[in-house]
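Asker: The structure under discussion is supplied below as C-alpha cells; questions concerning it will follow.
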Amino acid sequence: MHPEDPIVYIVHSPSYTYMHSGVRCLHLLCHHLNRLGYRSYINTQVINPNFETPVADTEVLERLRREGSVEIVIYPEVTNGNPLNAERVVRYLLNKPGYLTGVGVEGFGLGDFFIHYADEFLPPGLKSLKVRIPLVDQDVYRPPEQSTLRDLFAVYAVRYQPDTASFPAWVRNVETISRARPREPPALVELYHRSRALISGERTSAINEAIHCGCPVIIIPNEEFEHRPVVEFYGGHGLVVGFDEVGLERAAQSLDFARTRYRMQFQNWDEALHSFVKHSRKHFGL
C-alpha cells in the first residue's frame, strides 16, 4: 500500500462467507488492490484473516475524510442507492441488476462508473469494464493425490432446489450442499473427491471448485439458469448439460482440459485491475 496516495478504494460488502461467491469476490477485490500497491479498505463486519482487507468502519471512514483522502466507493449491484454517501461510486455487477433484489439500474446514480464480472450480467447499452477475479483457491480445491472411490453424487441446492426424486436410476447416493447444511472448504473437497459428479441447476462457484477437485458437473437446465456462458467458459469440457451418463463420462475424461481452460481465462488478470484503477480515476477526473 502507498500511504502517500490520497485515493482510497472502499469496498462495501456483506460479511465474509465462503458460501457466497459474490461476497468472496468483493473481499478478494479489496485484497488484490492492496496486493498491487493501491489503497483499499472494506466496509464490512467479518473478514477473512488470510486476506489483506483492512476494515473501514464508521470511525475509520471519518478519519480518512479528516485526512483528506479521496474516496471511491465500490458497491455490488445488490446495493440500492448510496448508503455511504460517497461522491464517487463504482457499481460492480456480480449478477444481473435486479435478479437477486428486484431493484435494478434505477437504484444506481447517473455518474456511477460500472464494472462487471461476466458479460451476461450487463444490461443492454450499459458501458462497463470487465473485471473478472479468479475465485477458486487452487491450493485447497485440487484433484486427489491418488485414485479414490467415487460412489455418490453431490447436489448443490441453494437458490434452485433440484427434484431428486426425478433423477434417473443411475444417480444414487445423493448428498446435498445447502445453506441449511453448509460445509467448510476441506469438507467440500472431500465430498468432491468422493463424487461421480456435482449436480447443479444454478450458477455457482461450486461448479469451478468441483472441476478443480476432479469432479465433473451435471448442469440441470432451467429457466432461471443461463447456463450457456458457463459451458462456453470451459469450452464444453468437464461438464454435461442434462442427465446423460455417456456425456458424463466424456466430461470426466476432459477435466484436465477444463482446468487448463480456467487458468487460461485468467492469464494476466492483474492487468484488468490496473485498467480498472486507471479508468475509474479518469472517470472521476482524478
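Residues are referred to by chain and number: the chain letter is A, B, ... according to the order shown in the C-alpha cells, the number counts from 1 in that chain, and ligands are numbered separately from 1 in the order shown.
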Please produce, as CSV, a per-residue contact table for segment 100-162 of chain A versus segment 179-193 of chain A (criterion: any atom at most 12 Å away, only C-alpha atoms considered), showing the nearest atom pair and its distance in Å to one decimal, sorted by chain then residue number.

Answerer:
residue,atom,partner,partner_atom,distance
A:Val136,CA,A:Pro185,CA,10.8
A:Asp137,CA,A:Pro185,CA,9.7
A:Gln138,CA,A:Val189,CA,11.0
A:Asp139,CA,A:Pro186,CA,11.0
A:Val140,CA,A:Pro186,CA,7.4
A:Tyr141,CA,A:Val189,CA,6.1
A:Arg142,CA,A:Val189,CA,7.8
A:Pro143,CA,A:His193,CA,7.1
A:Pro144,CA,A:His193,CA,6.4
A:Glu145,CA,A:His193,CA,10.0
A:Gln146,CA,A:His193,CA,10.1
A:Ser147,CA,A:His193,CA,9.1
A:Thr148,CA,A:His193,CA,6.9
A:Leu149,CA,A:His193,CA,8.2
A:Arg150,CA,A:His193,CA,7.0
A:Asp151,CA,A:His193,CA,9.8
A:Leu152,CA,A:Leu191,CA,8.7
A:Phe153,CA,A:Tyr192,CA,8.5
A:Ala154,CA,A:Leu191,CA,7.2
A:Val155,CA,A:Tyr192,CA,10.4
A:Tyr156,CA,A:Arg179,CA,9.8
A:Ala157,CA,A:Arg179,CA,8.1
A:Val158,CA,A:Arg179,CA,6.2
A:Arg159,CA,A:Arg179,CA,9.3
A:Tyr160,CA,A:Arg179,CA,11.7
A:Gln161,CA,A:Arg179,CA,11.6

Asker: With the cut-off set at 10 Å and counting only C-alpha atoms, tabulate each residue of segment 6-60 of chain A with an atom at most that distance from an atom of segment 246-270 of chain A, showing the nearest atom pair and its distance in Å to one decimal, ordered by chain and increasing number, as JSON lines.

Answerer:
{"residue": "A:His32", "atom": "CA", "partner": "A:Asp270", "partner_atom": "CA", "distance": 8.4}
{"residue": "A:Leu33", "atom": "CA", "partner": "A:Asp270", "partner_atom": "CA", "distance": 9.3}
{"residue": "A:Leu36", "atom": "CA", "partner": "A:Asp270", "partner_atom": "CA", "distance": 8.1}

Asker: For those residues, write C-alpha atoms to a file as an mmCIF file, in the first residue's frame.

Answerer:
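Just written: selection-v1.cif:
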data_model
loop_
_atom_site.group_PDB
_atom_site.id
_atom_site.type_symbol
_atom_site.label_atom_id
_atom_site.label_comp_id
_atom_site.auth_asym_id
_atom_site.auth_seq_id
_atom_site.Cartn_x
_atom_site.Cartn_y
_atom_site.Cartn_z
ATOM 1 C CA HIS A 32 -5.791 -7.730 -4.607
ATOM 2 C CA LEU A 33 -5.980 -3.943 -4.890
ATOM 3 C CA LEU A 36 -0.935 -4.471 -6.243
#

Asker: One number please: atom CA of Tyr75 of chain A to atom CA of Ser178 of chain A, in Å, one decimal.

Answerer: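 So the two atoms, atom CA of Tyr75 of chain A and atom CA of Ser178 of chain A, lie 26.3 Å apart.
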
Asker: If we count only C-alpha atoms, what is near Gly111 of chain A at a cut-off of 9 Å, once residues fewer than 3 positions away on the same chain are taken out, given as a compact mmCIF listing (two decimals) with N, CA and C atoms, in the first residue's frame?

Answerer:
# COMPACT_ATOMS: atom_id res chain seq x y z
N ARG A 88 -18.06 9.56 -5.21
CA ARG A 88 -17.62 8.78 -6.38
C ARG A 88 -18.01 7.32 -6.15
N VAL A 89 -18.83 6.80 -7.03
CA VAL A 89 -19.40 5.47 -6.83
C VAL A 89 -19.09 4.56 -8.02
N PHE A 108 -29.24 2.99 -9.18
CA PHE A 108 -27.88 3.47 -9.38
C PHE A 108 -27.89 4.97 -9.67
N HIS A 283 -12.46 8.49 -14.98
CA HIS A 283 -13.90 8.76 -14.98
C HIS A 283 -14.26 9.87 -13.98
N PHE A 284 -13.59 9.83 -12.82
CA PHE A 284 -13.88 10.81 -11.76
C PHE A 284 -12.97 12.04 -11.80

Asker: Calculated over only C-alpha atoms, which of the candidates A:Asn50, A:Asn85, A:Gly22, A:Asp244 has the smallest distance to His116 of chain A?

Answerer: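 Under the stated criterion, the closest residue is A:Gly22.
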
Asker: Point out the residue among A:Ser13, A:Cys25, A:Asp112, A:Pro124 with the least atom-to-atom distance to Val78 of chain A, counting only C-alpha atoms.

Answerer: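 Going through A:Ser13, A:Cys25, A:Asp112, A:Pro124 one by one, the smallest distance to Val78 of chain A is for A:Ser13.
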
Asker: Could you go through segment 106-227 of chain A and tell me which residues DSSP, when run on the backbone, assigns to strand (DSSP E or B), listing them as a ChimeraX atom specification?

Answerer: /A:113-116,129-130,152-156,174-177,195-200,217-219,222,225

Asker: Could you turn the residues from that selection into a file that holds N, CA and C atoms, as a short mmCIF file (atom, residue, chain, number, x, y, z; two decimals), in the first residue's frame?

Answerer:
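The resulting file, selection.cif, is shown below:
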data_model
loop_
_atom_site.label_atom_id
_atom_site.label_comp_id
_atom_site.auth_asym_id
_atom_site.auth_seq_id
_atom_site.Cartn_x
_atom_site.Cartn_y
_atom_site.Cartn_z
N PHE A 113 -19.61 4.76 -12.11
CA PHE A 113 -18.73 4.02 -13.01
C PHE A 113 -19.03 2.54 -12.84
N PHE A 114 -19.09 1.79 -13.94
CA PHE A 114 -19.53 0.40 -13.88
C PHE A 114 -18.42 -0.58 -14.27
N ILE A 115 -18.34 -1.66 -13.50
CA ILE A 115 -17.52 -2.80 -13.85
C ILE A 115 -18.40 -4.04 -13.73
N HIS A 116 -18.05 -5.10 -14.45
CA HIS A 116 -18.88 -6.30 -14.41
C HIS A 116 -17.99 -7.54 -14.38
N LEU A 129 -16.69 -1.91 -17.67
CA LEU A 129 -15.37 -2.52 -17.82
C LEU A 129 -15.40 -3.91 -17.16
N LYS A 130 -14.91 -4.91 -17.88
CA LYS A 130 -14.93 -6.27 -17.34
C LYS A 130 -13.78 -6.47 -16.36
N LEU A 152 -20.84 -41.52 -4.99
CA LEU A 152 -22.02 -40.71 -4.69
C LEU A 152 -22.09 -39.52 -5.62
N PHE A 153 -23.19 -38.76 -5.50
CA PHE A 153 -23.38 -37.54 -6.27
C PHE A 153 -23.64 -36.38 -5.31
N ALA A 154 -22.93 -35.28 -5.52
CA ALA A 154 -23.16 -34.07 -4.72
C ALA A 154 -24.19 -33.21 -5.45
N VAL A 155 -25.18 -32.72 -4.70
CA VAL A 155 -26.24 -31.89 -5.29
C VAL A 155 -26.17 -30.51 -4.65
N TYR A 156 -25.99 -29.48 -5.48
CA TYR A 156 -25.95 -28.11 -4.98
C TYR A 156 -27.36 -27.55 -5.01
N VAL A 174 -27.05 -39.68 -2.98
CA VAL A 174 -27.01 -38.23 -3.15
C VAL A 174 -26.71 -37.55 -1.82
N GLU A 175 -25.79 -36.57 -1.85
CA GLU A 175 -25.51 -35.72 -0.70
C GLU A 175 -25.71 -34.27 -1.12
N THR A 176 -26.44 -33.51 -0.29
CA THR A 176 -26.84 -32.16 -0.66
C THR A 176 -25.94 -31.11 0.00
N ILE A 177 -25.61 -30.09 -0.78
CA ILE A 177 -24.91 -28.89 -0.29
C ILE A 177 -25.96 -27.77 -0.26
N SER A 195 -17.24 -37.91 -5.21
CA SER A 195 -18.44 -37.79 -6.05
C SER A 195 -18.16 -38.10 -7.51
N ARG A 196 -19.10 -38.80 -8.14
CA ARG A 196 -19.04 -39.00 -9.59
C ARG A 196 -19.31 -37.69 -10.32
N ALA A 197 -20.13 -36.85 -9.69
CA ALA A 197 -20.44 -35.56 -10.31
C ALA A 197 -21.05 -34.63 -9.27
N LEU A 198 -20.93 -33.33 -9.54
CA LEU A 198 -21.71 -32.31 -8.85
C LEU A 198 -22.90 -31.98 -9.74
N ILE A 199 -24.10 -31.96 -9.17
CA ILE A 199 -25.32 -31.65 -9.91
C ILE A 199 -25.80 -30.27 -9.48
N SER A 200 -25.99 -29.37 -10.44
CA SER A 200 -26.40 -28.00 -10.09
C SER A 200 -27.35 -27.44 -11.13
N VAL A 217 -19.29 -32.02 -13.72
CA VAL A 217 -20.51 -31.34 -13.31
C VAL A 217 -21.66 -31.68 -14.26
N ILE A 218 -22.80 -32.00 -13.66
CA ILE A 218 -24.05 -32.15 -14.41
C ILE A 218 -24.88 -30.89 -14.21
N ILE A 219 -25.16 -30.19 -15.29
CA ILE A 219 -25.97 -28.98 -15.22
C ILE A 219 -27.43 -29.33 -15.51
N ASN A 222 -32.68 -24.95 -16.69
CA ASN A 222 -33.97 -24.44 -16.25
C ASN A 222 -34.05 -22.96 -16.60
N PHE A 225 -31.57 -20.41 -14.94
CA PHE A 225 -30.12 -20.64 -15.04
C PHE A 225 -29.68 -20.46 -16.49
#

Asker: Run DSSP on the backbone and give me the residues of segment 40-251 of chain A it puts in alpha helix (DSSP H), as a compact mmCIF listing (two decimals) with C-alpha atoms, in the first residue's frame.

Answerer:
# COMPACT_ATOMS: atom_id res chain seq x y z
CA THR A 58 -17.51 4.47 10.74
CA GLU A 59 -14.50 5.62 12.77
CA VAL A 60 -12.00 4.77 10.03
CA LEU A 61 -14.15 6.42 7.36
CA GLU A 62 -14.33 9.60 9.42
CA ARG A 63 -10.55 9.55 9.93
CA LEU A 64 -9.89 9.08 6.22
CA ARG A 65 -12.12 12.02 5.43
CA ARG A 66 -10.43 14.21 8.01
CA PRO A 185 -13.95 -25.94 2.22
CA PRO A 186 -11.98 -29.05 3.40
CA ALA A 187 -15.26 -30.95 3.76
CA LEU A 188 -16.33 -29.80 0.30
CA VAL A 189 -13.03 -31.03 -1.15
CA GLU A 190 -13.57 -34.43 0.48
CA LEU A 191 -17.12 -34.56 -0.91
CA TYR A 192 -15.99 -33.67 -4.44
CA HIS A 193 -13.22 -36.29 -4.26
CA ARG A 194 -15.87 -38.94 -3.49
CA SER A 205 -18.55 -21.12 -7.91
CA ALA A 206 -19.08 -24.67 -6.64
CA ILE A 207 -19.02 -25.69 -10.32
CA ASN A 208 -15.47 -24.33 -10.64
CA GLU A 209 -14.36 -25.82 -7.33
CA ALA A 210 -15.72 -29.27 -8.17
CA ILE A 211 -13.95 -29.28 -11.55
CA HIS A 212 -10.68 -28.38 -9.82
CA ARG A 228 -24.55 -21.44 -21.84
CA PRO A 229 -21.90 -18.92 -20.68
CA VAL A 230 -20.69 -21.45 -18.10
CA VAL A 231 -20.38 -24.17 -20.73
CA GLU A 232 -18.62 -21.77 -23.12
CA PHE A 233 -16.23 -20.62 -20.39
CA GLU A 245 -24.39 -40.86 -18.45
CA VAL A 246 -22.26 -41.22 -21.58
CA GLY A 247 -21.83 -37.43 -21.67
CA LEU A 248 -20.81 -37.51 -18.02
CA GLU A 249 -18.05 -39.98 -18.82
CA ARG A 250 -16.78 -37.66 -21.56
CA ALA A 251 -16.89 -34.75 -19.09

Asker: Hey, can you check how far atom CA of Asn43 of chain A sits from atom CA of Gly68 of chain A?

Answerer: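 Separation between atom CA of Asn43 of chain A and atom CA of Gly68 of chain A: 18.3 Å.
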
Asker: Just checking: using only C-alpha atoms, which residue out of A:Asp57, A:Glu226, A:Val8, A:Trp170 ends up closest to Lys96 of chain A?

Answerer: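 Checking each candidate against Lys96 of chain A, we get A:Glu226 as the closest.
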
Asker: I'd like to know which of A:Met19, A:Ala56, A:Ile72, A:Ile7 is closest to Leu135 of chain A, using only C-alpha atoms.

Answerer: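 Residue with the minimum atom-to-atom distance to Leu135 of chain A: A:Met19.
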
Asker: Which residue, A:Cys213, A:Ser40, A:Leu26, A:Thr53, has the smallest gap to Tyr9 of chain A when you use only C-alpha atoms?

Answerer: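 Ranked by minimum distance to Tyr9 of chain A, first place goes to A:Ser40.
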
Asker: Give the answer as one residue: which of A:Ser128, A:Ile10, A:Phe51, A:Phe167 has the shortest atom-to-atom distance to Glu87 of chain A, using only C-alpha atoms?

Answerer: A:Ile10

Asker: Separation of atom CA of Pro216 of chain A and atom CA of Pro162 of chain A, in Å?

Answerer: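 Interatomic distance here is 17.5 Å.
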